[in-house]
Amino acid sequence: MFKAERIQRIKEIIFERKQIDVATLSSLLNVTEVTIRNDLEQLEKSGFLTRNHGGATLNASAFPEEQLHTDRMDGLNIPYDKEKEELGLVASQLVREREWIFLGPGTTSYYIAKALSKRQNLNIMTNNFYVANVFGSNASVQLLFLGGRMQNSGMYTIPEDLNRELEHIYLSKFFFSVDGASMEGGYTLTDMNVVDIIRAVSDRCHEAIICLDSKKFEQRSFIRLGDLTSISTIVTNNKIPQDYHQYYMEHGIRAYTSYNLKPLS
Amino acid sequence: MDKFVIRMENVCAKQFPESHINFQAASGDITAIVGSNGEGKTTLTRILAGIVPRVGGKILIDGRQLDIHSITSAQRNGIYMLQESLQLFSGKSIMDNLLLGIEELIFHKRLFYPAKEKKEAVCRSILKELGLDLELNQPVDRLSQGEKCLLQIGRVLLCRPKILIMDEFSASLTNHETRRIMNLLTELKKKNICVILISHEYPAVIRHCDCVSVMEQGEITESYSRKELGDEAFVKRVLSFKKDFSYPKLPHKPGKLLFAADHISSGNLHDISFSLQEGEILGIAGIVGSGRTTLIQAISKEREITSGHMYYAPVLERSGAISFLPGDCGSQTLFTGKDLSFNITASNVRKAARFHMVSGQKLDLYARDFMDRLNIRKVSCHVPVEQLSRGELQKMLIARSLHQEARLYIFDEPSSYLDLMSRSELYNIYNALLSRNASIILISSDFSELIGMCDRILLLKAGEQVGLYPADTITSDFLYSIL
């Protein structure tokens, strides 16, 4: 294996697993540890990773989404999140052709949109700039963007009178996320405006689907949206705490969990 | 023992502070409590057995009030409960499992420990009563689920119970084992024991009961006597309480044709035709003896077909492309005594080899990677496989198939021993397999599972194909009526 090829493979592996030790890399690529160390040193210089004792970690903060993928992401800095990407892939499979869906505020919706970006004949409504940006170049997607007051911190809009805007509209699926989920506190959010948006859209859709990566469990935030049983479908990661998974099952809540089964090569 | 009636009057549970439970059951009867999940069935019985404290109300036997505030006080009054999961001392012998902790109750307070002969005599007589023919010194770990369940009942019977409560005992048993236990319970009626069951299974359990109480929102709302059990209205009511498990089915776009059977016959199988595409999940519904095992053997080329022919896509021609995973994880698929790492990577050791030398470090690496992906979290990769739970064994077998990069997975009764969460995990793994373009054949006697997860369902009856339907067009009642 040539050096350039090897470095490319190392990049792929670290990108996939976020961190890895030298011994593993050397055994995977069938080269000595010294060679791996040299390669890692070079990659560290280029800012791709940080070396630490015996291994290396992907520089997540130094790698906002737009540098890794050459999507058109003008000025949007979303830190890469593997869990959300996997979750978005599962959520996107729930979307059927030609049905109207709503993608709520937040970066989780961005990852769902990204997973949907190669699909055709979609009807999407959103108030999320990240989402709008993804579909900007896809002509076969019908996108309705709700205008309103801009909320810079979250890159979404707050429509003046959402209920009036949605008055004659009926949506099939509504994907959204919250900031925290806990047994006692239920689903909670930080942003008051988002709670209002979620409530208004939920009334107008056939099925509300909550998308939560596993880091959000056991977290509590400011405003309560409802009980854990208030939404009957959840999309999450396989790392969801077991007691929560058990709780969802006991209460008849449909839980989709993402599994990344691509074998290590 | 005299006849008696146990009654709960206005009993309150902490979970349902608003509702008052009024419930009664007579000795010599089998009483079933039915209702959806989370309506308070288990809570009711736990109050009766002293496991959960009661808030207000009375528990009476023939008008005499009982003071039940703990498990011991309930047992002193002759109330024993078997909870959902089996509780045995693993590693201990059958005799120990029957007697440990209750010697005093059987042999009374003595200065000396009871003689071995006496203990053996007691155990033999109870095993005979249970219809079990087992060696007393054998460890319990090798027993089947049904035998384990019987053994637990035996342990309780030694305590001479007045009231025996069983919570969902049939959840992990096969139909045959369930019938065996129902027969035993019917025998117990003669001894004037009051049996209280919680169950969801109408055909196997509830129709053998003398009395059925319906529980809703923490209250007993209706009671039916034996005579009313055949009524259509009642059957509908009970079937509506079927476990409302929500199946996480993802729509998949089927890909290229992977496998096709064209009018094949083999052994007791006769004229079966179906096809399977990439990314599709095909269910096979049929009772034991309908030829499903023969069909699987034919597909996996373990058995010659006598007529017709089968098409295999080129990707299936590679060895290891078809993977069969039995649900009971019997010893024929495990390397017992070997660790997880060995068991996972055994399907493709060559992957970790270089110049004909296999690197143990690399094997562990692959194993740990799969364990991480499939959430086998609590154990290390050097634990022997015997120590794993059913759910973990299933995942281990899936990991092994993934390692050999199988394209067609055949699952035989995968979820019969799994709890709700492990089932949900398993179904989501199916989804992930399908989205990687693998195909699945799922054999199950749980019809709701087939309908919930499959794209199409093949119906087999006595070796004949009686139908092939898209799963979203049929109901489990329809399957029950045909098979």
# chains A, B, ... in the order shown; residues from 1 in each chain; ligands from 1
call {"tool": "interface_residues", "arguments": {"of": "chain A", "to": "chain B", "cutoff": "10 Å", "atoms": "only C-alpha atoms", "output": "CSV table (one decimal) with N, CA, C and O atoms, in the first residue's frame"}}
result
chain,number,residue,atom,x,y,z
A,17,ARG,N,-14.7,6.2,13.3
A,17,ARG,CA,-14.6,5.8,14.7
A,17,ARG,C,-14.3,6.9,15.6
A,17,ARG,O,-14.2,6.7,16.8
A,23,ALA,N,-2.0,0.7,17.9
A,23,ALA,CA,-1.9,-0.8,17.7
A,23,ALA,C,-3.0,-1.3,16.8
A,23,ALA,O,-2.8,-2.1,15.9
A,24,THR,N,-4.2,-0.8,17.0
A,24,THR,CA,-5.4,-1.2,16.1
A,24,THR,C,-5.1,-0.9,14.7
A,24,THR,O,-5.3,-1.7,13.8
A,27,SER,N,-2.6,-3.0,13.1
A,27,SER,CA,-3.0,-4.4,12.8
A,27,SER,C,-4.0,-4.4,11.6
A,27,SER,O,-4.1,-5.3,10.8
A,28,LEU,N,-4.8,-3.3,11.5
A,28,LEU,CA,-5.8,-3.2,10.4
A,28,LEU,C,-5.1,-3.0,9.1
A,28,LEU,O,-5.6,-3.6,8.1
A,30,ASN,N,-1.9,-3.6,8.4
A,30,ASN,CA,-0.8,-4.5,8.2
A,30,ASN,C,0.5,-3.7,8.0
A,30,ASN,O,1.3,-4.1,7.1
A,89,LEU,N,-30.4,9.2,9.1
A,89,LEU,CA,-30.6,8.2,8.1
A,89,LEU,C,-31.8,7.4,8.3
A,89,LEU,O,-32.6,7.0,7.4
A,90,VAL,N,-32.0,7.0,9.6
A,90,VAL,CA,-33.2,6.1,9.9
A,90,VAL,C,-34.5,7.0,9.7
A,90,VAL,O,-35.4,6.5,9.1
A,91,ALA,N,-34.5,8.2,10.2
A,91,ALA,CA,-35.6,9.0,10.1
A,91,ALA,C,-36.0,9.3,8.7
A,91,ALA,O,-37.2,9.3,8.3
A,92,SER,N,-35.0,9.4,7.8
A,92,SER,CA,-35.3,9.7,6.4
A,92,SER,C,-36.0,8.6,5.7
A,92,SER,O,-36.8,8.7,4.8
A,93,GLN,N,-35.7,7.3,6.2
A,93,GLN,CA,-36.4,6.2,5.6
A,93,GLN,C,-37.9,6.1,5.9
A,93,GLN,O,-38.6,5.5,5.2
A,94,LEU,N,-38.3,6.9,7.0
A,94,LEU,CA,-39.7,6.9,7.3
A,94,LEU,C,-40.5,7.8,6.3
A,94,LEU,O,-41.7,7.8,6.3
A,95,VAL,N,-39.8,8.6,5.6
A,95,VAL,CA,-40.5,9.6,4.7
A,95,VAL,C,-40.8,8.9,3.4
A,95,VAL,O,-39.9,8.3,2.7
A,96,ARG,N,-42.1,9.0,3.0
A,96,ARG,CA,-42.5,8.4,1.7
A,96,ARG,C,-42.5,9.5,0.7
A,96,ARG,O,-42.6,10.6,1.0
A,232,SER,N,-45.8,9.3,20.2
A,232,SER,CA,-45.9,7.8,20.1
A,232,SER,C,-44.8,7.2,19.2
A,232,SER,O,-44.7,6.0,19.1
A,233,THR,N,-44.0,8.0,18.6
A,233,THR,CA,-42.9,7.4,17.8
A,233,THR,C,-41.6,8.2,18.1
A,233,THR,O,-41.6,9.4,18.1
A,234,ILE,N,-40.6,7.5,18.3
A,234,ILE,CA,-39.3,8.1,18.6
A,234,ILE,C,-38.2,7.5,17.7
A,234,ILE,O,-38.2,6.3,17.5
A,235,VAL,N,-37.3,8.3,17.2
A,235,VAL,CA,-36.1,7.8,16.5
A,235,VAL,C,-34.9,8.2,17.3
A,235,VAL,O,-34.7,9.3,17.7
A,238,ASN,N,-28.7,3.5,18.9
A,238,ASN,CA,-28.6,2.3,19.7
A,238,ASN,C,-28.0,2.5,21.1
A,238,ASN,O,-28.1,1.6,21.9
A,239,LYS,N,-27.4,3.6,21.3
A,239,LYS,CA,-26.8,3.9,22.6
A,239,LYS,C,-27.9,4.4,23.7
A,239,LYS,O,-27.5,4.9,24.7
A,240,ILE,N,-29.1,4.4,23.3
A,240,ILE,CA,-30.2,4.9,24.2
A,240,ILE,C,-30.1,4.1,25.5
A,240,ILE,O,-29.9,2.9,25.5
A,242,GLN,N,-30.7,1.9,28.6
A,242,GLN,CA,-31.6,0.7,28.6
A,242,GLN,C,-32.9,1.0,29.3
A,242,GLN,O,-34.0,0.5,28.9
A,243,ASP,N,-32.9,1.7,30.4
A,243,ASP,CA,-34.1,1.9,31.2
A,243,ASP,C,-35.1,2.7,30.4
A,243,ASP,O,-36.3,2.5,30.5
A,244,TYR,N,-34.6,3.6,29.6
A,244,TYR,CA,-35.5,4.4,28.7
A,244,TYR,C,-36.1,3.6,27.6
A,244,TYR,O,-37.3,3.6,27.4
A,245,HIS,N,-35.3,2.7,27.0
A,245,HIS,CA,-35.8,1.9,26.0
A,245,HIS,C,-36.9,1.0,26.6
A,245,HIS,O,-38.0,0.8,26.0
A,246,GLN,N,-36.6,0.4,27.7
A,246,GLN,CA,-37.6,-0.5,28.4
A,246,GLN,C,-38.9,0.3,28.7
A,246,GLN,O,-40.0,-0.2,28.4
A,247,TYR,N,-38.7,1.5,29.1
A,247,TYR,CA,-39.9,2.4,29.4
A,247,TYR,C,-40.8,2.6,28.2
A,247,TYR,O,-42.0,2.5,28.2
A,248,TYR,N,-40.1,2.9,27.1
A,248,TYR,CA,-40.8,3.2,25.9
A,248,TYR,C,-41.6,1.9,25.4
A,248,TYR,O,-42.7,2.0,25.0
A,249,MET,N,-40.9,0.8,25.5
A,249,MET,CA,-41.6,-0.5,25.1
A,249,MET,C,-42.8,-0.8,26.0
A,249,MET,O,-43.8,-1.2,25.5
A,250,GLU,N,-42.6,-0.6,27.3
A,250,GLU,CA,-43.7,-0.9,28.2
A,250,GLU,C,-44.9,0.0,27.9
A,250,GLU,O,-46.1,-0.4,28.3
A,251,HIS,N,-44.7,1.2,27.4
A,251,HIS,CA,-45.8,2.1,27.2
A,251,HIS,C,-46.2,2.1,25.7
A,251,HIS,O,-46.9,3.0,25.3
A,252,GLY,N,-45.8,1.1,25.0
A,252,GLY,CA,-46.3,0.9,23.6
A,252,GLY,C,-45.8,2.0,22.7
A,252,GLY,O,-46.5,2.3,21.7
A,253,ILE,N,-44.7,2.6,22.9
A,253,ILE,CA,-44.1,3.6,22.1
A,253,ILE,C,-43.2,3.0,21.0
A,253,ILE,O,-42.4,2.2,21.4
A,254,ARG,N,-43.4,3.4,19.8
A,254,ARG,CA,-42.6,2.8,18.7
A,254,ARG,C,-41.2,3.4,18.7
A,254,ARG,O,-41.1,4.6,18.6
A,255,ALA,N,-40.2,2.6,18.9
A,255,ALA,CA,-38.8,3.2,19.0
A,255,ALA,C,-38.0,2.7,17.8
A,255,ALA,O,-37.8,1.5,17.7
A,256,TYR,N,-37.5,3.6,17.0
A,256,TYR,CA,-36.6,3.2,15.9
A,256,TYR,C,-35.2,3.5,16.4
A,256,TYR,O,-35.0,4.7,16.9
A,257,THR,N,-34.3,2.6,16.4
A,257,THR,CA,-32.9,2.9,16.8
A,257,THR,C,-32.0,2.6,15.6
A,257,THR,O,-32.2,1.7,14.9
A,258,SER,N,-31.0,3.5,15.5
A,258,SER,CA,-30.1,3.3,14.4
A,258,SER,C,-29.0,2.3,14.8
A,258,SER,O,-28.5,2.3,15.9
A,259,TYR,N,-28.6,1.5,13.8
A,259,TYR,CA,-27.5,0.6,14.0
A,259,TYR,C,-26.6,0.8,12.9
A,259,TYR,O,-27.0,0.7,11.7
A,260,ASN,N,-25.3,1.0,13.1
A,260,ASN,CA,-24.4,1.1,12.0
A,260,ASN,C,-23.7,-0.3,11.9
A,260,ASN,O,-22.9,-0.6,12.7
A,261,LEU,N,-24.0,-1.0,10.9
A,261,LEU,CA,-23.6,-2.4,10.8
A,261,LEU,C,-22.4,-2.6,9.8
A,261,LEU,O,-22.1,-3.7,9.5
A,262,LYS,N,-21.9,-1.5,9.3
A,262,LYS,CA,-20.9,-1.6,8.3
A,262,LYS,C,-19.6,-2.3,9.0
A,262,LYS,O,-19.1,-1.7,9.9
A,263,PRO,N,-19.2,-3.4,8.5
A,263,PRO,CA,-18.1,-4.1,9.2
A,263,PRO,C,-16.8,-3.3,9.0
A,263,PRO,O,-16.6,-2.7,8.0
A,264,LEU,N,-16.0,-3.5,10.0
A,264,LEU,CA,-14.7,-2.9,10.0
A,264,LEU,C,-13.9,-3.6,8.9
A,264,LEU,O,-13.8,-4.8,8.8
A,265,SER,N,-13.3,-2.8,8.0
A,265,SER,CA,-12.6,-3.5,6.9
A,265,SER,C,-11.1,-3.5,7.1
A,265,SER,O,-10.6,-2.8,7.9
call {"tool": "residues_around", "arguments": {"residues": "range 47-51 of chain A", "least_positions_apart": "2", "cutoff": "10 Å", "atoms": "only C-alpha atoms", "output": "list of chain:residue names"}}
result
A:Lys11, A:Ile14, A:Phe15, A:Lys18, A:Gln19, A:Ile20, A:Asp21, A:Val22, A:Arg37, A:Leu40, A:Glu41, A:Gln42, A:Leu43, A:Glu44, A:Lys45, A:His53, A:Gly54, A:Gly55, A:Ala56, A:Thr57, A:Leu58, A:Asn59, A:Ala60, A:Ala62, A:Phe63
call {"tool": "write_last_selection", "arguments": {"atoms": "N, CA and C atoms", "output": "tab-separated table (two decimals), in the first residue's frame"}}
result
chain	number	residue	atom	x	y	z
A	11	LYS	N	-7.58	8.23	7.44
A	11	LYS	CA	-8.57	9.31	7.55
A	11	LYS	C	-9.98	8.72	7.63
A	14	ILE	N	-10.53	6.94	11.05
A	14	ILE	CA	-10.68	7.85	12.18
A	14	ILE	C	-11.97	8.64	12.07
A	15	PHE	N	-12.32	8.99	10.87
A	15	PHE	CA	-13.56	9.71	10.68
A	15	PHE	C	-14.75	8.86	11.11
A	18	LYS	N	-13.96	8.04	15.15
A	18	LYS	CA	-13.65	9.23	15.96
A	18	LYS	C	-12.33	9.12	16.71
A	19	GLN	N	-12.04	7.96	17.30
A	19	GLN	CA	-10.72	7.82	17.91
A	19	GLN	C	-10.23	6.40	17.75
A	20	ILE	N	-8.94	6.25	17.76
A	20	ILE	CA	-8.39	4.92	17.52
A	20	ILE	C	-6.97	4.87	18.06
A	21	ASP	N	-6.52	3.66	18.43
A	21	ASP	CA	-5.16	3.58	18.93
A	21	ASP	C	-4.22	3.04	17.86
A	22	VAL	N	-2.96	3.29	18.09
A	22	VAL	CA	-1.95	2.98	17.08
A	22	VAL	C	-1.90	1.48	16.80
A	37	ARG	N	2.69	5.83	13.28
A	37	ARG	CA	3.00	7.04	14.06
A	37	ARG	C	3.43	8.17	13.14
A	40	LEU	N	0.35	9.50	11.43
A	40	LEU	CA	-0.47	10.29	12.34
A	40	LEU	C	0.15	11.67	12.57
A	41	GLU	N	1.49	11.69	12.64
A	41	GLU	CA	2.16	12.97	12.86
A	41	GLU	C	1.85	13.91	11.70
A	42	GLN	N	1.89	13.35	10.52
A	42	GLN	CA	1.61	14.18	9.34
A	42	GLN	C	0.17	14.69	9.36
A	43	LEU	N	-0.74	13.80	9.75
A	43	LEU	CA	-2.15	14.18	9.80
A	43	LEU	C	-2.40	15.21	10.90
A	44	GLU	N	-1.63	15.10	11.97
A	44	GLU	CA	-1.80	16.09	13.04
A	44	GLU	C	-1.38	17.46	12.56
A	45	LYS	N	-0.28	17.49	11.81
A	45	LYS	CA	0.20	18.77	11.28
A	45	LYS	C	-0.84	19.41	10.39
A	53	HIS	N	-1.65	9.95	23.88
A	53	HIS	CA	-0.83	8.80	24.25
A	53	HIS	C	-1.37	7.51	23.62
A	54	GLY	N	-0.61	6.95	22.69
A	54	GLY	CA	-0.97	5.65	22.12
A	54	GLY	C	-2.03	5.70	21.04
A	55	GLY	N	-2.52	6.89	20.72
A	55	GLY	CA	-3.57	6.89	19.70
A	55	GLY	C	-3.84	8.27	19.15
A	56	ALA	N	-5.01	8.45	18.54
A	56	ALA	CA	-5.34	9.73	17.95
A	56	ALA	C	-6.85	9.95	18.01
A	57	THR	N	-7.26	11.22	18.07
A	57	THR	CA	-8.68	11.57	18.12
A	57	THR	C	-8.98	12.53	16.97
A	58	LEU	N	-10.15	12.37	16.40
A	58	LEU	CA	-10.58	13.26	15.33
A	58	LEU	C	-10.81	14.64	15.89
A	59	ASN	N	-10.36	15.64	15.16
A	59	ASN	CA	-10.58	17.02	15.59
A	59	ASN	C	-11.98	17.47	15.18
A	60	ALA	N	-12.95	17.19	16.03
A	60	ALA	CA	-14.34	17.48	15.64
A	60	ALA	C	-14.57	18.98	15.50
A	62	ALA	N	-12.44	21.36	14.96
A	62	ALA	CA	-11.72	21.97	13.86
A	62	ALA	C	-12.33	21.57	12.53
A	63	PHE	N	-13.29	20.64	12.57
A	63	PHE	CA	-13.87	20.15	11.33
A	63	PHE	C	-15.35	20.38	11.22
call {"tool": "residues_around", "arguments": {"residues": "Ile376 in chain B", "least_positions_apart": "6", "cutoff": "10 Å", "atoms": "only C-alpha atoms", "output": "number ranges by chain"}}
result
B: 368, 370, 388, 391-393, 395-396
call {"tool": "write_last_selection", "arguments": {"atoms": "all heavy atoms", "output": "mmCIF file, in the first residue's frame"}}
result
data_model
loop_
_atom_site.group_PDB
_atom_site.id
_atom_site.type_symbol
_atom_site.label_atom_id
_atom_site.label_comp_id
_atom_site.auth_asym_id
_atom_site.auth_seq_id
_atom_site.Cartn_x
_atom_site.Cartn_y
_atom_site.Cartn_z
ATOM 1 N N ARG B 368 -14.773 -6.884 19.250
ATOM 2 C CA ARG B 368 -15.151 -5.713 20.052
ATOM 3 C C ARG B 368 -15.898 -4.696 19.207
ATOM 4 O O ARG B 368 -16.820 -4.040 19.670
ATOM 5 C CB ARG B 368 -13.907 -5.078 20.670
ATOM 6 C CG ARG B 368 -13.606 -5.625 22.050
ATOM 7 C CD ARG B 368 -12.737 -4.659 22.829
ATOM 8 N NE ARG B 368 -11.444 -4.505 22.198
ATOM 9 C CZ ARG B 368 -10.393 -5.272 22.476
ATOM 10 N NH1 ARG B 368 -10.494 -6.219 23.376
ATOM 11 N NH2 ARG B 368 -9.243 -5.098 21.878
ATOM 12 N N PHE B 370 -17.897 -5.294 16.644
ATOM 13 C CA PHE B 370 -19.288 -5.741 16.489
ATOM 14 C C PHE B 370 -20.056 -5.587 17.788
ATOM 15 O O PHE B 370 -21.224 -5.202 17.789
ATOM 16 C CB PHE B 370 -19.338 -7.199 16.037
ATOM 17 C CG PHE B 370 -19.070 -7.364 14.583
ATOM 18 C CD1 PHE B 370 -18.052 -8.181 14.141
ATOM 19 C CD2 PHE B 370 -19.839 -6.703 13.645
ATOM 20 C CE1 PHE B 370 -17.800 -8.329 12.794
ATOM 21 C CE2 PHE B 370 -19.600 -6.844 12.296
ATOM 22 C CZ PHE B 370 -18.568 -7.662 11.874
ATOM 23 N N LEU B 388 -23.912 -15.464 28.620
ATOM 24 C CA LEU B 388 -24.708 -14.421 27.989
ATOM 25 C C LEU B 388 -26.204 -14.686 28.149
ATOM 26 O O LEU B 388 -26.640 -15.826 28.294
ATOM 27 C CB LEU B 388 -24.387 -14.351 26.501
ATOM 28 C CG LEU B 388 -22.982 -13.943 26.128
ATOM 29 C CD1 LEU B 388 -22.866 -13.788 24.634
ATOM 30 C CD2 LEU B 388 -22.587 -12.654 26.804
ATOM 31 N N GLY B 391 -30.916 -12.539 24.685
ATOM 32 C CA GLY B 391 -30.853 -11.405 23.773
ATOM 33 C C GLY B 391 -29.436 -11.192 23.278
ATOM 34 O O GLY B 391 -29.200 -10.936 22.099
ATOM 35 N N GLU B 392 -28.484 -11.334 24.200
ATOM 36 C CA GLU B 392 -27.093 -11.121 23.822
ATOM 37 C C GLU B 392 -26.602 -12.231 22.891
ATOM 38 O O GLU B 392 -25.839 -11.988 21.963
ATOM 39 C CB GLU B 392 -26.208 -11.049 25.077
ATOM 40 C CG GLU B 392 -26.373 -9.741 25.813
ATOM 41 C CD GLU B 392 -25.804 -9.772 27.220
ATOM 42 O OE1 GLU B 392 -25.604 -10.864 27.770
ATOM 43 O OE2 GLU B 392 -25.583 -8.698 27.780
ATOM 44 N N LEU B 393 -27.084 -13.459 23.133
ATOM 45 C CA LEU B 393 -26.699 -14.563 22.254
ATOM 46 C C LEU B 393 -27.199 -14.321 20.835
ATOM 47 O O LEU B 393 -26.482 -14.555 19.861
ATOM 48 C CB LEU B 393 -27.259 -15.885 22.776
ATOM 49 C CG LEU B 393 -26.493 -16.528 23.914
ATOM 50 C CD1 LEU B 393 -27.194 -17.793 24.364
ATOM 51 C CD2 LEU B 393 -25.071 -16.850 23.496
ATOM 52 N N LYS B 395 -27.712 -11.473 19.435
ATOM 53 C CA LYS B 395 -26.870 -10.448 18.826
ATOM 54 C C LYS B 395 -25.509 -11.022 18.461
ATOM 55 O O LYS B 395 -24.937 -10.659 17.438
ATOM 56 C CB LYS B 395 -26.678 -9.298 19.808
ATOM 57 C CG LYS B 395 -27.913 -8.472 20.032
ATOM 58 C CD LYS B 395 -27.532 -7.322 20.912
ATOM 59 C CE LYS B 395 -28.717 -6.551 21.416
ATOM 60 N NZ LYS B 395 -28.282 -5.614 22.462
ATOM 61 N N MET B 396 -25.018 -11.934 19.324
ATOM 62 C CA MET B 396 -23.720 -12.546 19.045
ATOM 63 C C MET B 396 -23.790 -13.302 17.718
ATOM 64 O O MET B 396 -22.890 -13.207 16.888
ATOM 65 C CB MET B 396 -23.380 -13.481 20.202
ATOM 66 C CG MET B 396 -21.951 -13.896 20.308
ATOM 67 S SD MET B 396 -21.518 -15.262 19.273
ATOM 68 C CE MET B 396 -22.591 -16.544 19.762
#
call {"tool": "closest_residue", "arguments": {"among": "B:Val288, B:Ala346, B:Cys381, B:Ile440", "to": "Ala462 in chain B", "atoms": "only C-alpha atoms"}}
result
B:Val288
call {"tool": "residues_around", "arguments": {"residues": "range 165-168 of chain A", "least_positions_apart": "3", "cutoff": "9 Å", "atoms": "only C-alpha atoms", "output": "PyMOL selection string"}}
result
chain A and resi 146+159-162+200-201+204
call {"tool": "write_last_selection", "arguments": {"atoms": "N, CA, C and O atoms", "output": "PDB file, in the first residue's frame"}}
result
ATOM      1  N   LEU A 146     -41.420  28.770   5.924  1.00  0.00           N
ATOM      2  CA  LEU A 146     -42.261  29.684   6.695  1.00  0.00           C
ATOM      3  C   LEU A 146     -41.444  30.913   7.076  1.00  0.00           C
ATOM      4  O   LEU A 146     -40.412  30.780   7.740  1.00  0.00           O
ATOM      5  N   PRO A 159     -42.669  32.409  12.916  1.00  0.00           N
ATOM      6  CA  PRO A 159     -43.748  33.039  12.143  1.00  0.00           C
ATOM      7  C   PRO A 159     -44.629  33.914  13.032  1.00  0.00           C
ATOM      8  O   PRO A 159     -44.803  33.622  14.226  1.00  0.00           O
ATOM      9  N   GLU A 160     -45.149  34.945  12.442  1.00  0.00           N
ATOM     10  CA  GLU A 160     -45.950  35.921  13.185  1.00  0.00           C
ATOM     11  C   GLU A 160     -47.170  35.245  13.827  1.00  0.00           C
ATOM     12  O   GLU A 160     -47.390  35.331  15.014  1.00  0.00           O
ATOM     13  N   ASP A 161     -47.920  34.543  12.990  1.00  0.00           N
ATOM     14  CA  ASP A 161     -49.097  33.857  13.508  1.00  0.00           C
ATOM     15  C   ASP A 161     -49.155  32.467  12.878  1.00  0.00           C
ATOM     16  O   ASP A 161     -49.713  32.252  11.819  1.00  0.00           O
ATOM     17  N   LEU A 162     -48.513  31.520  13.555  1.00  0.00           N
ATOM     18  CA  LEU A 162     -48.323  30.198  12.979  1.00  0.00           C
ATOM     19  C   LEU A 162     -49.648  29.490  12.737  1.00  0.00           C
ATOM     20  O   LEU A 162     -49.850  28.850  11.710  1.00  0.00           O
ATOM     21  N   ALA A 200     -47.978  23.899  17.855  1.00  0.00           N
ATOM     22  CA  ALA A 200     -48.863  24.291  16.750  1.00  0.00           C
ATOM     23  C   ALA A 200     -48.794  23.299  15.600  1.00  0.00           C
ATOM     24  O   ALA A 200     -49.816  22.909  15.035  1.00  0.00           O
ATOM     25  N   VAL A 201     -47.580  22.874  15.253  1.00  0.00           N
ATOM     26  CA  VAL A 201     -47.442  21.966  14.109  1.00  0.00           C
ATOM     27  C   VAL A 201     -47.985  20.576  14.451  1.00  0.00           C
ATOM     28  O   VAL A 201     -48.593  19.918  13.618  1.00  0.00           O
ATOM     29  N   ARG A 204     -51.423  19.892  13.598  1.00  0.00           N
ATOM     30  CA  ARG A 204     -51.744  19.895  12.175  1.00  0.00           C
ATOM     31  C   ARG A 204     -51.199  18.677  11.454  1.00  0.00           C
ATOM     32  O   ARG A 204     -51.219  18.627  10.231  1.00  0.00           O
TER      33      ARG A 204
END
call {"tool": "residues_around", "arguments": {"residues": "Glu83 in chain A", "least_positions_apart": "5", "cutoff": "9 Å", "atoms": "only C-alpha atoms", "output": "list of chain:residue names"}}
result
A:Gly88, A:Asp213, A:Ser214, A:Lys215, A:Thr236, A:Asn237, A:Ser258
call {"tool": "atom_distance", "arguments": {"atom1": "CA of Gly146 in chain B", "atom2": "CA of Ser481 in chain B"}}
result
27.0 Å
call {"tool": "residues_around", "arguments": {"residues": "Ile441 in chain B", "least_positions_apart": "5", "cutoff": "6 Å", "atoms": "only C-alpha atoms", "output": "PyMOL selection string"}}
result
chain B and resi 281-283+410
call {"tool": "write_last_selection", "arguments": {"atoms": "all heavy atoms", "output": "mmCIF file, in the first residue's frame"}}
result
data_model
loop_
_atom_site.group_PDB
_atom_site.id
_atom_site.type_symbol
_atom_site.label_atom_id
_atom_site.label_comp_id
_atom_site.auth_asym_id
_atom_site.auth_seq_id
_atom_site.Cartn_x
_atom_site.Cartn_y
_atom_site.Cartn_z
ATOM 1 N N ILE B 281 -38.083 -8.514 3.642
ATOM 2 C CA ILE B 281 -38.202 -9.434 4.758
ATOM 3 C C ILE B 281 -39.472 -10.263 4.548
ATOM 4 O O ILE B 281 -40.567 -9.738 4.427
ATOM 5 C CB ILE B 281 -38.135 -8.679 6.109
ATOM 6 C CG1 ILE B 281 -38.490 -9.551 7.287
ATOM 7 C CG2 ILE B 281 -38.962 -7.449 6.148
ATOM 8 C CD1 ILE B 281 -37.999 -8.938 8.599
ATOM 9 N N LEU B 282 -39.250 -11.573 4.416
ATOM 10 C CA LEU B 282 -40.340 -12.498 4.111
ATOM 11 C C LEU B 282 -40.657 -13.312 5.356
ATOM 12 O O LEU B 282 -39.755 -13.870 5.980
ATOM 13 C CB LEU B 282 -39.920 -13.423 2.961
ATOM 14 C CG LEU B 282 -40.931 -14.504 2.583
ATOM 15 C CD1 LEU B 282 -42.004 -13.949 1.679
ATOM 16 C CD2 LEU B 282 -40.252 -15.687 1.927
ATOM 17 N N GLY B 283 -41.918 -13.359 5.716
ATOM 18 C CA GLY B 283 -42.308 -14.150 6.881
ATOM 19 C C GLY B 283 -42.799 -15.515 6.461
ATOM 20 O O GLY B 283 -43.375 -15.672 5.387
ATOM 21 N N ILE B 410 -31.668 -16.144 7.917
ATOM 22 C CA ILE B 410 -32.881 -16.894 8.205
ATOM 23 C C ILE B 410 -33.024 -16.976 9.721
ATOM 24 O O ILE B 410 -32.187 -17.569 10.399
ATOM 25 C CB ILE B 410 -32.818 -18.302 7.592
ATOM 26 C CG1 ILE B 410 -32.586 -18.183 6.082
ATOM 27 C CG2 ILE B 410 -34.104 -19.054 7.876
ATOM 28 C CD1 ILE B 410 -32.306 -19.489 5.402
#
